[in-house]
Every structure is written in C-alpha cells, then in structure tokens.
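S.K.: Sharing a structure below in structure tokens format, with a few things to ask.
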Amino acid sequence: MDSDGSCLMRKRKPLFFLQSSWHGAAGLGSNRLRRPTLQVRRGLKTCELFRRRLSIVSCEENVADDESEPSSGRRLPALPDNLPNKLTVLRVAMVPAIILIMILPYFHLQRTLSTLLFALAALTDYLDGLIARITNQYTPFGAFLDPVADKLMVCTVLILLASQIGDLIGLPAALIVGREIFVSALREFMASRGRRDSVAVGVWGKFKTAMQMLALLILLAYGPGSSLFKLGILLLYISTLLTISSAVVYIRAALPELSSTKA
C-alpha cells in the first residue's frame, strides 16, 4: 500500500506541477501577447498622426501653388476692347513697319510706302481721339497708350531722317527727343506727388504734335532740293520752338513741387 501510494503520489505530483507550470506559462504568454498589442496600437496612432501632418502640409502647398500661379481656368483681365484703342494699337504696330521700310536699301517705292504708312498712322491719331469723344469711350489704357504711340512715331521717324539727311534735321531731332524724355520724367515725378493734372497734355501740346507730324510727312514725301522739302524743314523748326515752349510751361507748373523741401 505504502509503496503503491507512494507511486501514485509520484505520478500525481508531476500533474500538479504541469498544471501550475502550464497556467504560469499561459499567464506569461498573455502578458507577452499584450505588450505587442499595445506597441501596435501606439505605432498605428503614430502613423495616423504622421498621415494627418502630411495631408495638412500637402494642402498648404496646394494653396500656395494656387496663389502663386494662375490656374488654367483663371483668365487675366482683358484690356478694353473698343475702336479707339484698336486704332492706337494699330498706330504702334505701324512703327516697326516704317522702320523696316526706311532702313532697307533704296528701292523705287520706298519713299511712297513710308509716306503712306506715316500718313495712315497720323490719321489714326486723329480718328481715335475723335471717336473717343463722340462715343465717350475714354479708358485708362487709351489715355496711357495714345501719347506713347505719338512719341514713338515722331521720335523714330526723326532719328531715321536725321541719319539719312544729316545735321539739318539732327539739331531739331535732338531737341525734340530730349524734350520728350524730360517731360515724361517730369510727369512721372508730378504723378508721384499727386499733381499729374498740372502737367497734363494741353492744347499747345496737341498743336505741336500736329505740326511735327505735318513737317515729317512733307520731309518723307519730298527729298532735298525740292521747295516743299524746304517747307518741311521750316515747319520742323517751328514745331521745335513749340516743343520747347510747351516744356517751359510744364516746368513752370511743376516748379512749386520741384522747389519743395518736403520728401
């Protein structure tokens, strides 16, 4: 009995030992399983936060790109599309054509073509102002480009004629071009002081421009030695005097601002 009982106890003791060891291992295994689960959750939270930050940064970059670059659907503001502005733009486009004709080697219709183009440009100068007054189509674009077109046309033809004819036209050409540069700078200065209206284009300015265009038209149509060529030279010198006198008027109007000590 004792021997059998002792044998039975020896057989049962390993069972208790195995059960307790199994429960211990199971508990240890559950703890080991819980730790990776928490780590995975923390990793998922970190990935989610990182993903949100990336989405915020990408949205900010898209907004910055939209603000810096115009989108394909966004259109730039169109310039005023009316007949006076079209005539002014046409006059500007004629300037390169006149230059090309006058600098080419001499051909039979060179004088005729340059004269016709200049006459057409002078006609558009008259028509755009007339149509703008009749239809009341005044625009800032037209007010800016119209005097620029006149100066481009007059100064370009003056320089080209001075290079072809010589000193007889060189002196008035230098005076007229220098005056235009000076008055343009003066108007810009007065605009910065809020007094642009005091140096706006007046009647004398328009009259001298018309005189310049008439003189240049005659000089283009008739070469040296012609009586009409001499008339063109006379009109050019008269327009030069008008140009200088109008500049003096502008200087007198701007003198209070030029002599002011205020910054």
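Here, A, B, ... name the chains of the structure tokens in the order displayed, residue numbers run from 1 inside each chain, and ligands are numbered from 1 in the same displayed order.
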Could you give me, as a ChimeraX atom specification, the residues within 9 Å of Leu158 in chain A, counting only C-alpha atoms and dropping anything in the same chain fewer than 6 positions from it?

M.R.: /A:169-170,172-174,176-177,216

S.K.: Could you pull the residues within 12 Å of range 228-231 of chain A, counting only C-alpha atoms, minus those fewer than 2 positions along the same chain, as a ChimeraX atom specification?

M.R.: /A:165,168-169,211,214-226,233-238

S.K.: Let me make sure I understand: among A:Arg111, A:Lys208, A:Arg179, A:Lys151, which one has the smallest atom-to-atom distance to Val92 in chain A if we use only C-alpha atoms?

M.R.: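 Distance minimum relative to Val92 in chain A lands on A:Lys151.
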
S.K.: Nearest to Gly142 in chain A among A:Thr261, A:Thr115, A:Ser192, A:Asn85, with distances taken over only C-alpha atoms: which residue is it?

M.R.: A:Asn85

S.K.: From the DSSP assignment of the backbone, select every residue of range 85-253 of chain A that is alpha helix (DSSP H), and format the answer as a PyMOL selection string.

M.R.: chain A and resi 85-103+110-135+140-165+167-192+203-221+227-253

S.K.: Applying 10 Å and only C-alpha atoms, which residues near Leu152 in chain A remain after dropping the ones on its own chain fewer than 2 positions away? List them as a list in words.

M.R.: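 Non-adjacent residues within range: Arg91, Val92, Val95, Pro96, Pro147, Val148, Ala149, Asp150, Val154, Cys155, Thr156, Val157, Leu158 and Val177 of chain A.
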
S.K.: Could you check how far CA of Thr112 in chain A sits from CA of Ala210 in chain A, in Å to one decimal?

M.R.: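 Rounded to one decimal, the two atoms are 20.6 Å apart.
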
S.K.: Which polymer residues have any atom within 9 Å of an atom of range 245-250 of chain A, counting only C-alpha atoms, with same-chain residues fewer than 2 positions away left out, as a ChimeraX atom specification?

M.R.: /A:179-180,182-183,186-187,198-200,202,204-205,208,240-243,252-255

S.K.: Write the residues of the preceding selection, restricted to C-alpha atoms, as a PDB file, in the first residue's frame.

M.R.:
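The resulting file, again-v4.pdb, is shown below:
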ATOM      1  CA  ARG A 179      12.302 117.338 -74.562  1.00  0.00           C
ATOM      2  CA  GLU A 180      10.073 114.254 -74.717  1.00  0.00           C
ATOM      3  CA  PHE A 182      12.454 115.320 -69.913  1.00  0.00           C
ATOM      4  CA  VAL A 183       8.695 115.923 -69.923  1.00  0.00           C
ATOM      5  CA  LEU A 186       8.583 115.377 -65.126  1.00  0.00           C
ATOM      6  CA  ARG A 187       5.107 113.888 -65.454  1.00  0.00           C
ATOM      7  CA  SER A 198      -0.963 120.196 -63.542  1.00  0.00           C
ATOM      8  CA  VAL A 199       1.296 118.830 -66.309  1.00  0.00           C
ATOM      9  CA  ALA A 200      -1.387 117.096 -68.386  1.00  0.00           C
ATOM     10  CA  GLY A 202      -2.839 120.726 -73.182  1.00  0.00           C
ATOM     11  CA  TRP A 204      -0.257 123.594 -77.149  1.00  0.00           C
ATOM     12  CA  GLY A 205       0.999 120.044 -76.765  1.00  0.00           C
ATOM     13  CA  LYS A 208       2.940 120.952 -81.613  1.00  0.00           C
ATOM     14  CA  THR A 240      10.714 122.534 -82.333  1.00  0.00           C
ATOM     15  CA  LEU A 241      10.131 126.005 -80.909  1.00  0.00           C
ATOM     16  CA  LEU A 242       6.612 124.984 -79.895  1.00  0.00           C
ATOM     17  CA  THR A 243       8.037 121.867 -78.277  1.00  0.00           C
ATOM     18  CA  ARG A 252       6.600 126.456 -64.508  1.00  0.00           C
ATOM     19  CA  ALA A 253       3.616 124.349 -63.417  1.00  0.00           C
ATOM     20  CA  ALA A 254       5.900 121.864 -61.653  1.00  0.00           C
ATOM     21  CA  LEU A 255       8.256 124.454 -60.139  1.00  0.00           C
TER      22      LEU A 255
END
